[in-house]
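So this block is coords-v9.cif, mmCIF, C-alpha atoms:
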data_protein
loop_
_atom_site.label_atom_id
_atom_site.label_comp_id
_atom_site.auth_asym_id
_atom_site.auth_seq_id
_atom_site.Cartn_x
_atom_site.Cartn_y
_atom_site.Cartn_z
CA MET U 34 4.53 -13.11 4.82
CA GLU U 35 7.89 -14.87 4.89
CA SER U 36 7.92 -18.23 3.18
CA GLY U 37 6.80 -20.92 5.59
CA GLY U 38 6.24 -18.44 8.43
CA PRO U 39 3.14 -17.18 10.16
CA SER U 40 0.98 -14.54 8.58
CA PRO U 41 2.14 -11.02 9.48
CA MET U 42 -1.46 -9.83 9.36
CA PRO U 43 -4.41 -10.35 11.71
CA SER U 44 -6.91 -13.04 10.82
CA SER U 45 -9.68 -10.53 10.22
CA ILE U 46 -10.32 -6.83 10.08
CA PRO U 47 -10.53 -5.57 13.65
CA THR U 48 -13.73 -3.86 14.74
CA PRO U 49 -13.00 -0.77 16.82
CA ARG U 50 -14.69 -0.81 20.22
CA THR U 51 -15.45 2.87 19.82
CA SER U 52 -15.52 5.10 16.77
CA THR U 53 -12.27 6.98 16.37
CA PRO U 54 -12.73 10.30 14.55
CA SER U 55 -10.27 10.98 11.77
CA SER U 56 -7.41 13.28 12.75
CA LEU U 57 -8.16 15.19 9.55
CA ASN U 58 -11.93 15.31 10.03
CA PRO U 59 -12.96 15.69 13.69
CA ASN U 60 -16.63 15.27 12.76
CA ALA U 61 -16.14 11.86 11.18
CA SER U 62 -18.17 9.05 12.76
CA SER U 63 -16.19 6.19 11.22
CA PRO U 64 -12.49 5.48 10.66
CA GLN U 65 -10.74 7.41 7.92
CA THR U 66 -10.17 5.64 4.62
CA LYS U 67 -6.52 4.60 4.27
CA ILE U 68 -4.76 3.45 1.14
CA CYS U 69 -1.37 1.78 1.14
CA VAL U 70 0.49 2.70 -2.04
CA TYR U 71 3.23 0.40 -3.29
CA CYS U 72 5.56 2.04 -5.80
CA GLY U 73 9.14 2.52 -6.89
CA SER U 74 11.84 4.62 -5.25
CA SER U 75 12.86 5.60 -8.78
CA PRO U 76 11.04 8.15 -10.95
CA GLY U 77 11.14 5.75 -13.89
CA LYS U 78 12.09 6.49 -17.48
CA SER U 79 8.80 7.97 -18.66
CA PRO U 80 7.52 11.15 -16.96
CA LYS U 81 4.07 9.51 -17.01
CA HIS U 82 4.95 7.47 -13.93
CA LEU U 83 5.91 10.47 -11.80
CA GLU U 84 2.86 12.37 -12.98
CA ALA U 85 0.67 9.39 -12.07
CA ALA U 86 2.04 9.54 -8.52
CA ARG U 87 1.20 13.25 -8.30
CA VAL U 88 -2.31 12.75 -9.67
CA LEU U 89 -2.97 9.87 -7.28
CA GLY U 90 -1.75 11.99 -4.38
CA ARG U 91 -4.03 14.86 -5.35
CA ALA U 92 -7.02 12.55 -5.81
CA MET U 93 -6.49 10.98 -2.39
CA ALA U 94 -6.02 14.36 -0.69
CA GLU U 95 -9.17 15.78 -2.28
CA ARG U 96 -11.14 12.82 -0.85
CA ASN U 97 -9.53 12.98 2.60
CA ILE U 98 -7.88 9.57 2.14
CA ALA U 99 -4.79 8.96 4.25
CA LEU U 100 -1.64 7.50 2.73
CA VAL U 101 0.38 4.62 4.16
CA TYR U 102 3.54 3.92 2.20
CA GLY U 103 7.11 2.65 2.38
CA GLY U 104 8.63 5.82 3.77
CA GLY U 105 11.02 6.76 0.98
CA THR U 106 11.40 10.37 -0.11
CA VAL U 107 12.67 9.75 -3.64
CA GLY U 108 11.06 8.51 -6.83
CA LEU U 109 7.35 7.77 -6.97
CA MET U 110 7.28 7.13 -3.22
CA GLY U 111 8.41 10.64 -2.37
CA GLU U 112 6.19 12.24 -5.00
CA VAL U 113 2.91 10.77 -3.81
CA ALA U 114 3.77 11.51 -0.17
CA LYS U 115 4.77 15.15 -0.59
CA THR U 116 1.82 15.81 -2.91
CA ILE U 117 -0.64 14.71 -0.23
CA VAL U 118 1.19 16.57 2.55
CA SER U 119 1.18 19.79 0.48
CA ILE U 120 -2.64 19.63 0.35
CA ARG U 121 -3.76 17.94 3.57
CA GLY U 122 -0.79 18.42 5.89
CA PRO U 123 1.63 15.94 7.51
CA GLY U 124 -1.09 14.11 9.45
CA ALA U 125 -2.37 12.61 6.19
CA VAL U 126 0.75 10.53 5.52
CA HIS U 127 2.54 7.77 7.42
CA GLY U 128 5.74 6.36 5.95
CA ILE U 129 7.20 3.14 7.36
CA ILE U 130 10.77 2.28 6.37
CA PRO U 131 13.32 -0.32 7.52
CA GLU U 132 16.51 1.06 9.02
CA ALA U 133 18.68 -0.56 6.33
CA LEU U 134 16.81 1.23 3.52
CA VAL U 135 17.00 4.72 4.99
CA LYS U 136 20.26 5.58 3.22
CA TRP U 137 18.91 4.38 -0.14
CA GLU U 138 15.35 5.72 -0.20
CA ARG U 139 15.98 9.23 1.10
CA ASP U 140 16.82 12.73 0.01
CA ASP U 141 18.82 15.38 1.87
CA THR U 142 15.93 16.29 4.19
CA TYR U 143 16.93 13.30 6.33
CA GLY U 144 19.84 15.26 7.81
CA ALA U 145 18.08 17.39 10.43
CA MET U 146 15.63 15.25 12.45
CA LYS U 147 16.07 12.10 14.53
CA ASP U 148 13.54 9.92 16.32
CA ALA U 149 13.79 8.59 19.88
CA ASN U 150 16.07 5.78 18.71
CA GLY U 151 18.45 8.12 16.93
CA TYR U 152 17.28 7.28 13.41
CA HIS U 153 17.36 10.13 10.92
CA LEU U 154 13.93 11.18 9.66
CA PRO U 155 12.78 13.27 6.69
CA GLU U 156 11.17 16.65 7.21
CA GLN U 157 7.68 15.94 8.56
CA SER U 158 6.23 19.12 7.07
CA VAL U 159 7.20 17.83 3.61
CA TYR U 160 6.72 14.05 3.79
CA GLY U 161 4.48 13.46 6.81
CA ARG U 162 5.13 11.16 9.75
CA THR U 163 7.87 8.54 9.37
CA THR U 164 8.45 5.42 11.44
CA VAL U 165 11.78 3.57 11.15
CA VAL U 166 11.55 -0.17 11.84
CA LYS U 167 14.07 -2.99 12.05
CA ASP U 168 13.10 -5.13 9.07
CA MET U 169 10.94 -5.58 5.98
CA HIS U 170 8.57 -7.98 7.73
CA THR U 171 7.68 -5.35 10.33
CA ARG U 172 7.26 -2.68 7.66
CA LYS U 173 4.77 -4.74 5.67
CA ARG U 174 2.85 -5.84 8.76
CA MET U 175 2.48 -2.26 10.01
CA MET U 176 1.40 -0.93 6.61
CA ALA U 177 -1.20 -3.67 6.24
CA GLN U 178 -2.48 -3.20 9.79
CA GLU U 179 -3.19 0.48 9.14
CA VAL U 180 -5.20 -0.39 6.05
CA LEU U 181 -7.22 -3.01 7.94
CA GLU U 182 -8.09 -0.41 10.56
CA GLY U 183 -9.19 2.09 7.92
CA GLY U 184 -12.70 2.97 6.89
CA PRO U 185 -14.69 2.00 3.78
CA GLY U 186 -12.67 2.05 0.57
CA SER U 187 -9.39 1.28 2.32
CA GLY U 188 -7.05 -0.98 0.39
CA PHE U 189 -3.87 -1.29 -1.60
CA ILE U 190 -2.81 0.39 -4.85
CA ALA U 191 0.33 -0.42 -6.81
CA LEU U 192 1.88 2.25 -8.98
CA SER U 193 4.79 1.36 -11.22
CA GLY U 194 7.87 -0.11 -9.56
CA GLY U 195 10.43 -2.89 -9.49
CA PHE U 196 10.93 -6.15 -7.60
CA GLY U 197 9.94 -4.66 -4.24
CA THR U 198 6.68 -3.25 -5.57
CA MET U 199 5.82 -6.50 -7.32
CA GLU U 200 6.62 -8.57 -4.24
CA GLU U 201 4.40 -6.41 -2.02
CA LEU U 202 1.58 -6.44 -4.56
CA LEU U 203 1.57 -10.22 -5.05
CA GLU U 204 1.94 -10.96 -1.35
CA THR U 205 -1.01 -8.72 -0.55
CA ALA U 206 -3.06 -10.46 -3.26
CA THR U 207 -2.06 -13.84 -1.84
CA TRP U 208 -3.17 -12.78 1.65
CA ASN U 209 -6.56 -11.87 0.17
CA MET U 210 -6.82 -15.21 -1.65
CA LEU U 211 -6.00 -17.10 1.56
CA GLY U 212 -8.58 -15.16 3.56
CA ILE U 213 -6.05 -13.31 5.73
CA HIS U 214 -7.71 -10.02 4.76
CA ASN U 215 -10.57 -8.83 2.57
CA ARG U 216 -9.36 -5.41 1.43
CA GLY U 217 -9.14 -4.49 -2.23
CA VAL U 218 -5.95 -4.74 -4.27
CA CYS U 219 -5.58 -2.59 -7.40
CA VAL U 220 -2.87 -1.94 -9.95
CA LEU U 221 -2.77 1.53 -11.46
CA ASN U 222 -1.68 0.45 -14.91
CA ILE U 223 0.13 3.45 -16.40
CA ASP U 224 0.94 3.26 -20.10
CA GLY U 225 0.57 -0.54 -20.09
CA PHE U 226 3.20 -1.03 -17.37
CA TYR U 227 1.33 -3.97 -15.82
CA ASP U 228 0.08 -5.57 -19.02
CA GLY U 229 2.60 -8.40 -18.67
CA LEU U 230 1.45 -9.16 -15.13
CA LEU U 231 -2.19 -9.20 -16.16
CA ASP U 232 -1.37 -11.56 -19.05
CA TRP U 233 0.44 -13.85 -16.60
CA ILE U 234 -2.57 -13.92 -14.26
CA ARG U 235 -4.84 -14.90 -17.13
CA LYS U 236 -2.35 -17.59 -18.17
CA ALA U 237 -2.18 -18.91 -14.60
CA VAL U 238 -5.96 -19.42 -14.65
CA GLU U 239 -5.83 -21.01 -18.11
CA GLU U 240 -3.13 -23.45 -16.93
CA LYS U 241 -5.07 -24.14 -13.69
CA PHE U 242 -2.56 -22.63 -11.27
CA LEU U 243 -5.21 -20.14 -10.14
CA LYS U 244 -8.88 -20.86 -9.57
CA PRO U 245 -11.24 -19.13 -12.00
CA GLY U 246 -12.50 -16.07 -10.20
CA ASN U 247 -9.30 -15.46 -8.28
CA ASP U 248 -7.92 -13.67 -11.29
CA GLY U 249 -10.14 -10.82 -10.12
CA ILE U 250 -8.42 -10.44 -6.75
CA ILE U 251 -6.17 -7.85 -8.36
CA VAL U 252 -8.35 -5.26 -10.06
CA THR U 253 -7.07 -2.67 -12.50
CA ALA U 254 -7.44 1.00 -13.33
CA THR U 255 -5.72 3.36 -15.74
CA ASP U 256 -6.22 6.56 -13.77
CA ALA U 257 -6.12 7.64 -10.14
CA VAL U 258 -9.84 8.22 -9.64
CA GLY U 259 -10.57 4.85 -11.23
CA ALA U 260 -8.19 3.13 -8.80
CA ILE U 261 -9.77 4.79 -5.76
CA GLU U 262 -13.25 3.86 -6.98
CA ALA U 263 -12.10 0.31 -7.68
CA LEU U 264 -11.20 -0.08 -4.01
CA ARG U 265 -14.44 1.50 -2.83
CA ASN U 266 -16.47 -0.88 -5.01
CA TYR U 267 -14.24 -3.93 -4.48
CA LYS U 268 -15.93 -7.33 -4.31
CA ASN U 269 -14.05 -10.31 -2.94
CA SER U 270 -13.79 -13.40 -5.10
CA GLU U 271 -16.10 -16.28 -4.21
CA ALA U 272 -13.21 -18.62 -5.10
CA ARG U 273 -11.04 -17.42 -2.19
CA TYR U 274 -9.86 -20.08 0.25
CA GLY U 275 -11.94 -20.25 3.42
CA LEU U 276 -9.01 -20.73 5.76
CA ASP U 277 -9.07 -20.09 9.50
CA TRP U 278 -6.20 -17.86 10.64
CA SER U 279 -7.57 -17.21 14.11
CA GLN U 280 -4.84 -19.28 15.78
CA GLN U 281 -1.99 -17.50 14.00
#
Would you mind writing the structure in this file as structure tokens?
Amino acid sequence: MESGGPSPMPSSIPTPRTSTPSSLNPNASSPQTKICVYCGSSPGKSPKHLEAARVLGRAMAERNIALVYGGGTVGLMGEVAKTIVSIRGPGAVHGIIPEALVKWERDDTYGAMKDANGYHLPEQSVYGRTTVVKDMHTRKRMMAQEVLEGGPGSGFIALSGGFGTMEELLETATWNMLGIHNRGVCVLNIDGFYDGLLDWIRKAVEEKFLKPGNDGIIVTATDAVGAIEALRNYKNSEARYGLDWSQQ
């Protein structure tokens, strides 16, 4: 959500008029669970971060959970995507990337394929489906929309990352606080990576910049299965703002 602008997300989770079976499970009677993973386009210094991406990818694939992510093929982004595709196939992953970032968040598989607009795409059999969009605002709106349309347990998980990951994480938490959505938000705290953020949240409550109770909007886990379960069992804070976004 750009500062001062309208919310890029719908005012509430849409209710499908008819049940849409999962493309990965034709016998499903409800929408497939979808998790948007925010993470870095770098592998990080410690190998624990890259391994965490692999483990999360395997855990999601084993539970038939679809991935929505930022579309990069390098770093943690590429690792979680190709892990899921290797197990569940390309239909399990949708990457959404702005045109300007394609040259930065890509590997050499981008050379062969192009979409209808002439944008280079990564190999679908390795990284899943990729959509190239014009800007960051559109990317975030599309990722969030897919999660809102997902089944039970859909939500947002942040692996380790930099400014971009933190911005996406905090914006998504803010949308939850303001009542724009009610999906779970979880940080997968690898080797204490997010300890500083969690300390800041506690301090913000102590100094009365956050309402007591809203410190629980972002939940935490230290392993992949714990993060997935945290979304499935997510309870919204009673201190959230009851704002009406229906006119947005």
Answer key for the PyMOL selection byres ((chain U and resi 268) around 10), residues as a list in words: Asn215, Arg216, Gly217, Gly249, Ile250, Val252, Ala263, Leu264, Arg265, Asn266, Tyr267, Asn269, Ser270 and Glu271 of chain U
Around (-7.3, 3.3, -15.6) in the file's frame, which residues reach within 9 Å when counting all atoms listed in the file? Return as an MDAnalysis selection string? chainID U and resid 220:223 253:260
Kindly give the distance, in Å, that separates CA of Ala99 in chain U and CA of Ala114 in chain U, rounded to a single decimal. 10.0 Å
Which distance in Å separates CA of Gly108 in chain U and CA of Pro64 in chain U, to one decimal?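 Answer for the CA of Gly108 in chain U to CA of Pro64 in chain U separation: 29.5 Å.
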If the PyMOL selection byres ((chain U and resi 210) around 12) were run on this exact file, what residues would it hold? Put them as a PyMOL selection string. chain U and resi 203-209+211-218+243-251+269-276
Under the PyMOL selection byres ((chain U and resi 94) around 12), which residues of this model are included? Write them out as a count of residues only. 34
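With all atoms listed in the file as the atoms that count, the minimum distance from Ala86 in chain U to the choices U:Arg174, U:Met169, U:Ser193, U:Thr163 is reached by U:Ser193.
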I'd like the neighbourhood of Ile129 in chain U as number ranges by chain, where a residue qualifies if any of its atoms comes within 12 Å (using only C-alpha atoms), though same-chain residues fewer than 4 positions away should be ignored. U: 69-71, 100-106, 110, 114, 134-135, 138, 154-155, 160-179
Repaired coordinates for range 246-267 of chain U (N, CA, C and O atoms) as a PDB file, in the frame of the given file:
ATOM      1  N   GLY U 246     -11.921 -17.007 -11.162  1.00  0.00           N
ATOM      2  CA  GLY U 246     -12.500 -16.070 -10.200  1.00  0.00           C
ATOM      3  C   GLY U 246     -11.439 -15.376  -9.385  1.00  0.00           C
ATOM      4  O   GLY U 246     -11.553 -14.182  -9.083  1.00  0.00           O
ATOM      5  N   ASN U 247     -10.376 -16.093  -9.037  1.00  0.00           N
ATOM      6  CA  ASN U 247      -9.300 -15.460  -8.280  1.00  0.00           C
ATOM      7  C   ASN U 247      -8.419 -14.576  -9.143  1.00  0.00           C
ATOM      8  O   ASN U 247      -7.583 -13.835  -8.612  1.00  0.00           O
ATOM      9  N   ASP U 248      -8.620 -14.629 -10.437  1.00  0.00           N
ATOM     10  CA  ASP U 248      -7.920 -13.670 -11.290  1.00  0.00           C
ATOM     11  C   ASP U 248      -8.427 -12.259 -11.057  1.00  0.00           C
ATOM     12  O   ASP U 248      -7.757 -11.285 -11.424  1.00  0.00           O
ATOM     13  N   GLY U 249      -9.583 -12.133 -10.413  1.00  0.00           N
ATOM     14  CA  GLY U 249     -10.140 -10.820 -10.120  1.00  0.00           C
ATOM     15  C   GLY U 249      -9.735 -10.266  -8.771  1.00  0.00           C
ATOM     16  O   GLY U 249     -10.209  -9.189  -8.383  1.00  0.00           O
ATOM     17  N   ILE U 250      -8.881 -10.963  -8.038  1.00  0.00           N
ATOM     18  CA  ILE U 250      -8.420 -10.440  -6.750  1.00  0.00           C
ATOM     19  C   ILE U 250      -7.664  -9.138  -6.958  1.00  0.00           C
ATOM     20  O   ILE U 250      -7.810  -8.189  -6.189  1.00  0.00           O
ATOM     21  N   ILE U 251      -6.838  -9.092  -7.994  1.00  0.00           N
ATOM     22  CA  ILE U 251      -6.170  -7.850  -8.360  1.00  0.00           C
ATOM     23  C   ILE U 251      -7.018  -7.172  -9.430  1.00  0.00           C
ATOM     24  O   ILE U 251      -7.194  -7.699 -10.531  1.00  0.00           O
ATOM     25  N   VAL U 252      -7.579  -6.024  -9.097  1.00  0.00           N
ATOM     26  CA  VAL U 252      -8.350  -5.260 -10.060  1.00  0.00           C
ATOM     27  C   VAL U 252      -7.462  -4.189 -10.682  1.00  0.00           C
ATOM     28  O   VAL U 252      -6.365  -3.913 -10.185  1.00  0.00           O
ATOM     29  N   THR U 253      -7.918  -3.596 -11.761  1.00  0.00           N
ATOM     30  CA  THR U 253      -7.070  -2.670 -12.500  1.00  0.00           C
ATOM     31  C   THR U 253      -7.778  -1.344 -12.755  1.00  0.00           C
ATOM     32  O   THR U 253      -9.005  -1.268 -12.786  1.00  0.00           O
ATOM     33  N   ALA U 254      -6.953  -0.321 -12.935  1.00  0.00           N
ATOM     34  CA  ALA U 254      -7.440   1.000 -13.330  1.00  0.00           C
ATOM     35  C   ALA U 254      -6.342   1.675 -14.113  1.00  0.00           C
ATOM     36  O   ALA U 254      -5.159   1.341 -13.982  1.00  0.00           O
ATOM     37  N   THR U 255      -6.717   2.629 -14.940  1.00  0.00           N
ATOM     38  CA  THR U 255      -5.720   3.360 -15.740  1.00  0.00           C
ATOM     39  C   THR U 255      -5.596   4.810 -15.320  1.00  0.00           C
ATOM     40  O   THR U 255      -4.832   5.555 -15.912  1.00  0.00           O
ATOM     41  N   ASP U 256      -6.363   5.206 -14.303  1.00  0.00           N
ATOM     42  CA  ASP U 256      -6.220   6.560 -13.770  1.00  0.00           C
ATOM     43  C   ASP U 256      -6.477   6.525 -12.276  1.00  0.00           C
ATOM     44  O   ASP U 256      -7.037   5.567 -11.736  1.00  0.00           O
ATOM     45  N   ALA U 257      -6.078   7.602 -11.590  1.00  0.00           N
ATOM     46  CA  ALA U 257      -6.120   7.640 -10.140  1.00  0.00           C
ATOM     47  C   ALA U 257      -7.534   7.508  -9.583  1.00  0.00           C
ATOM     48  O   ALA U 257      -7.788   6.727  -8.657  1.00  0.00           O
ATOM     49  N   VAL U 258      -8.465   8.266 -10.129  1.00  0.00           N
ATOM     50  CA  VAL U 258      -9.840   8.220  -9.640  1.00  0.00           C
ATOM     51  C   VAL U 258     -10.419   6.821  -9.840  1.00  0.00           C
ATOM     52  O   VAL U 258     -11.110   6.288  -8.961  1.00  0.00           O
ATOM     53  N   GLY U 259     -10.098   6.208 -10.965  1.00  0.00           N
ATOM     54  CA  GLY U 259     -10.570   4.850 -11.230  1.00  0.00           C
ATOM     55  C   GLY U 259     -10.043   3.857 -10.209  1.00  0.00           C
ATOM     56  O   GLY U 259     -10.756   2.942  -9.783  1.00  0.00           O
ATOM     57  N   ALA U 260      -8.776   4.030  -9.793  1.00  0.00           N
ATOM     58  CA  ALA U 260      -8.190   3.130  -8.800  1.00  0.00           C
ATOM     59  C   ALA U 260      -8.858   3.291  -7.441  1.00  0.00           C
ATOM     60  O   ALA U 260      -9.160   2.305  -6.753  1.00  0.00           O
ATOM     61  N   ILE U 261      -9.105   4.531  -7.042  1.00  0.00           N
ATOM     62  CA  ILE U 261      -9.770   4.790  -5.760  1.00  0.00           C
ATOM     63  C   ILE U 261     -11.182   4.212  -5.767  1.00  0.00           C
ATOM     64  O   ILE U 261     -11.625   3.585  -4.796  1.00  0.00           O
ATOM     65  N   GLU U 262     -11.895   4.398  -6.866  1.00  0.00           N
ATOM     66  CA  GLU U 262     -13.250   3.860  -6.980  1.00  0.00           C
ATOM     67  C   GLU U 262     -13.235   2.334  -7.012  1.00  0.00           C
ATOM     68  O   GLU U 262     -14.149   1.688  -6.488  1.00  0.00           O
ATOM     69  N   ALA U 263     -12.202   1.759  -7.629  1.00  0.00           N
ATOM     70  CA  ALA U 263     -12.100   0.310  -7.680  1.00  0.00           C
ATOM     71  C   ALA U 263     -11.990  -0.285  -6.277  1.00  0.00           C
ATOM     72  O   ALA U 263     -12.560  -1.350  -5.990  1.00  0.00           O
ATOM     73  N   LEU U 264     -11.288   0.392  -5.393  1.00  0.00           N
ATOM     74  CA  LEU U 264     -11.200  -0.080  -4.010  1.00  0.00           C
ATOM     75  C   LEU U 264     -12.526   0.119  -3.282  1.00  0.00           C
ATOM     76  O   LEU U 264     -12.956  -0.743  -2.504  1.00  0.00           O
ATOM     77  N   ARG U 265     -13.165   1.239  -3.519  1.00  0.00           N
ATOM     78  CA  ARG U 265     -14.440   1.500  -2.830  1.00  0.00           C
ATOM     79  C   ARG U 265     -15.507   0.491  -3.252  1.00  0.00           C
ATOM     80  O   ARG U 265     -16.365   0.118  -2.438  1.00  0.00           O
ATOM     81  N   ASN U 266     -15.460   0.045  -4.501  1.00  0.00           N
ATOM     82  CA  ASN U 266     -16.470  -0.880  -5.010  1.00  0.00           C
ATOM     83  C   ASN U 266     -15.982  -2.329  -5.051  1.00  0.00           C
ATOM     84  O   ASN U 266     -16.621  -3.187  -5.663  1.00  0.00           O
ATOM     85  N   TYR U 267     -14.895  -2.624  -4.397  1.00  0.00           N
ATOM     86  CA  TYR U 267     -14.240  -3.930  -4.480  1.00  0.00           C
ATOM     87  C   TYR U 267     -15.140  -5.044  -3.968  1.00  0.00           C
ATOM     88  O   TYR U 267     -15.767  -4.922  -2.908  1.00  0.00           O
TER      89      TYR U 267
END
